[in-house]
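Quick notes on the structure that follows.
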Amino acid sequence: MRVVVIIMALLFEVLVTNAQTYTDISSATGFNLILRSDSTVWGWGNNLSGQLGTGDTIMVTSPRPLDISRKWIAISGGGFHRIGLMADSTLWGCGLNANYQLGISAITSVDTMMQLSAKHWRLIKAGSFNSAAIRNDGTLWMAGYNVYGMLGSGDTVTRTGFVCPDSNVKDWKTISVGGSHVLAIKNNGSLWAWGDNSKGEVGLGDTKDLYLKPTQIGKDTDWEQVSAGFFYSLALKKDGTLWSWGDNSYYELGRTTTGIMDTVITKVSNDTDWVSASTGCIFAFALKKDGTLWGWGNNVSGQLGISLSIGSVTSPQQVGSDNDWKLICAEQGLSFSAGSFVGTESNGLKDSAKSVCTAGSNQNAELGNGSLGGPDQDYFSCSTAPVERVPINDLKDNIQVFPNPALDQVNINISPGIYSDKMKIVVEDVNGHVLINRFSTGKNIITLNISALIPGLYFIRITNKENVFVSKLTKL
């Protein structure tokens, strides 16, 4: 029945072009999510646990719209799950739930977005094995893996639902969930952390095994942003300085240390113009006020957007010369005790947030270029997909596309009321790449040969003197 519903949605939905911008991006372990200004979510990459919410576990090699019937205000991808906030402030999620990271019981995985809570939420963050959310009342809630005390509950007991470390604390501002530790900032600008501290990632100057409750780090009250990596941490102060601590095995701290870790919170550099930072599994990025992008740490797959010949970068290095970066997100990834890791890909937003850019590994189709695997990409490739969904009632008298889905050929019936000779007909993939380009030749019913296209989602764009009409096409 689910397949029938999806096919019918494609048959009775037509698109019209309208330039969109992107408001958020999330690089999870092997899959990516973007939130557009029209409140729709698009995604691609690994889907083996149903984390894309497509109703199946089929990998998606290029960006496709997800959950198109809902309006979203926030997205966050984790290890093999994702969570989202709808416009009504309800909390939703899908994907792997083996560690109860969705905050629900008796289900190991979910392949469509399901509502997790009806309470009013304002901020969410997914980690490798956990989920975190802050309610409108300022209370903090955690779900998922608790072997390292990441729930902040004062113990390591497994729980199936969301847990509030302290219901009396109602001044949480922001939070970041790493591989096995958590960072958070309160409204007064104080910095807090808990969870695993074997690499000094909690930031209290020691390697005490576990901190089971939220613990304040120092006495400063000018912290602005936090980002938790797998075994390390980054934080930004209001004065524009960037700080790091924890594991430095791959130079992810952005500075040299006497050993492979540093338990003391230390400035990455003396620069005071940092505006945001993003931690990946074993590499990191930061943006400056002038719109330039800087990266450091491991570069095994070119995920820093820097030549593959450079295996690791020990301190912040500018990526290219562009100064129109708006947002950067390093793939969260997973690290293992044997020293192996997954998650070497990056995403960013450029050009007034109209372009999505990717670099690094494509082992899970993370690059979103329609392919799987292939050579690593040591530069950022950018593309746009300016398509906005509108009801078919606005256009059904003007254009018909059939059959849809289609195998080898598709027919386009253009209403005589808008038809004219030499109308431009283009078939594009979701990245805006033109695959078929032709003109009408005196007949308002046009047949296109699509046998050479790989199975997936495409858009047929038809242009006359006054309008541009776009329709979804699914190639079988």
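Identifiers for the structure tokens are assigned positionally: chains receive A, B, ... in sequence, residues are indexed from 1 per chain, and ligands are indexed from 1 in the order shown.
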Run DSSP on the backbone of this structure and report the residues of range 103-263 of chain A it assigns to strand (DSSP E or B), as a ChimeraX atom specification. /A:109-117,121-126,130-135,140-144,163,172-177,181-186,191-196,210-216,223-228,232-237,242-247,261-263
Just want the 8 Å neighbourhood of Thr447 in chain A, counted on only C-alpha atoms, with same-chain residues fewer than 4 positions away dropped. Output as an MDAnalysis selection string. chainID A and resid 409:412
Quick one: residues within 12 Å of Gly240 in chain A, only C-alpha atoms, excluding same-chain residues fewer than 6 positions away - as a count of residues only? 19
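Counting only C-alpha atoms, the residue from A:Ser244, A:Ser89, A:Thr344, A:Gln377 that sits nearest to Ile306 in chain A is A:Gln377.
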In Å and to one decimal, CA of Asp111 in chain A is distant from CA of Gly95 in chain A by 5.8 Å
As a PyMOL selection string, please: the residues near range 128-133 of chain A (cut-off 10 Å, only C-alpha atoms, same-chain neighbours under 4 positions excluded). chain A and resi 28-29+76-83+85+91+93+96-103+121-124+138-146+150-151+162-164+174-182+229-230+281+332-335
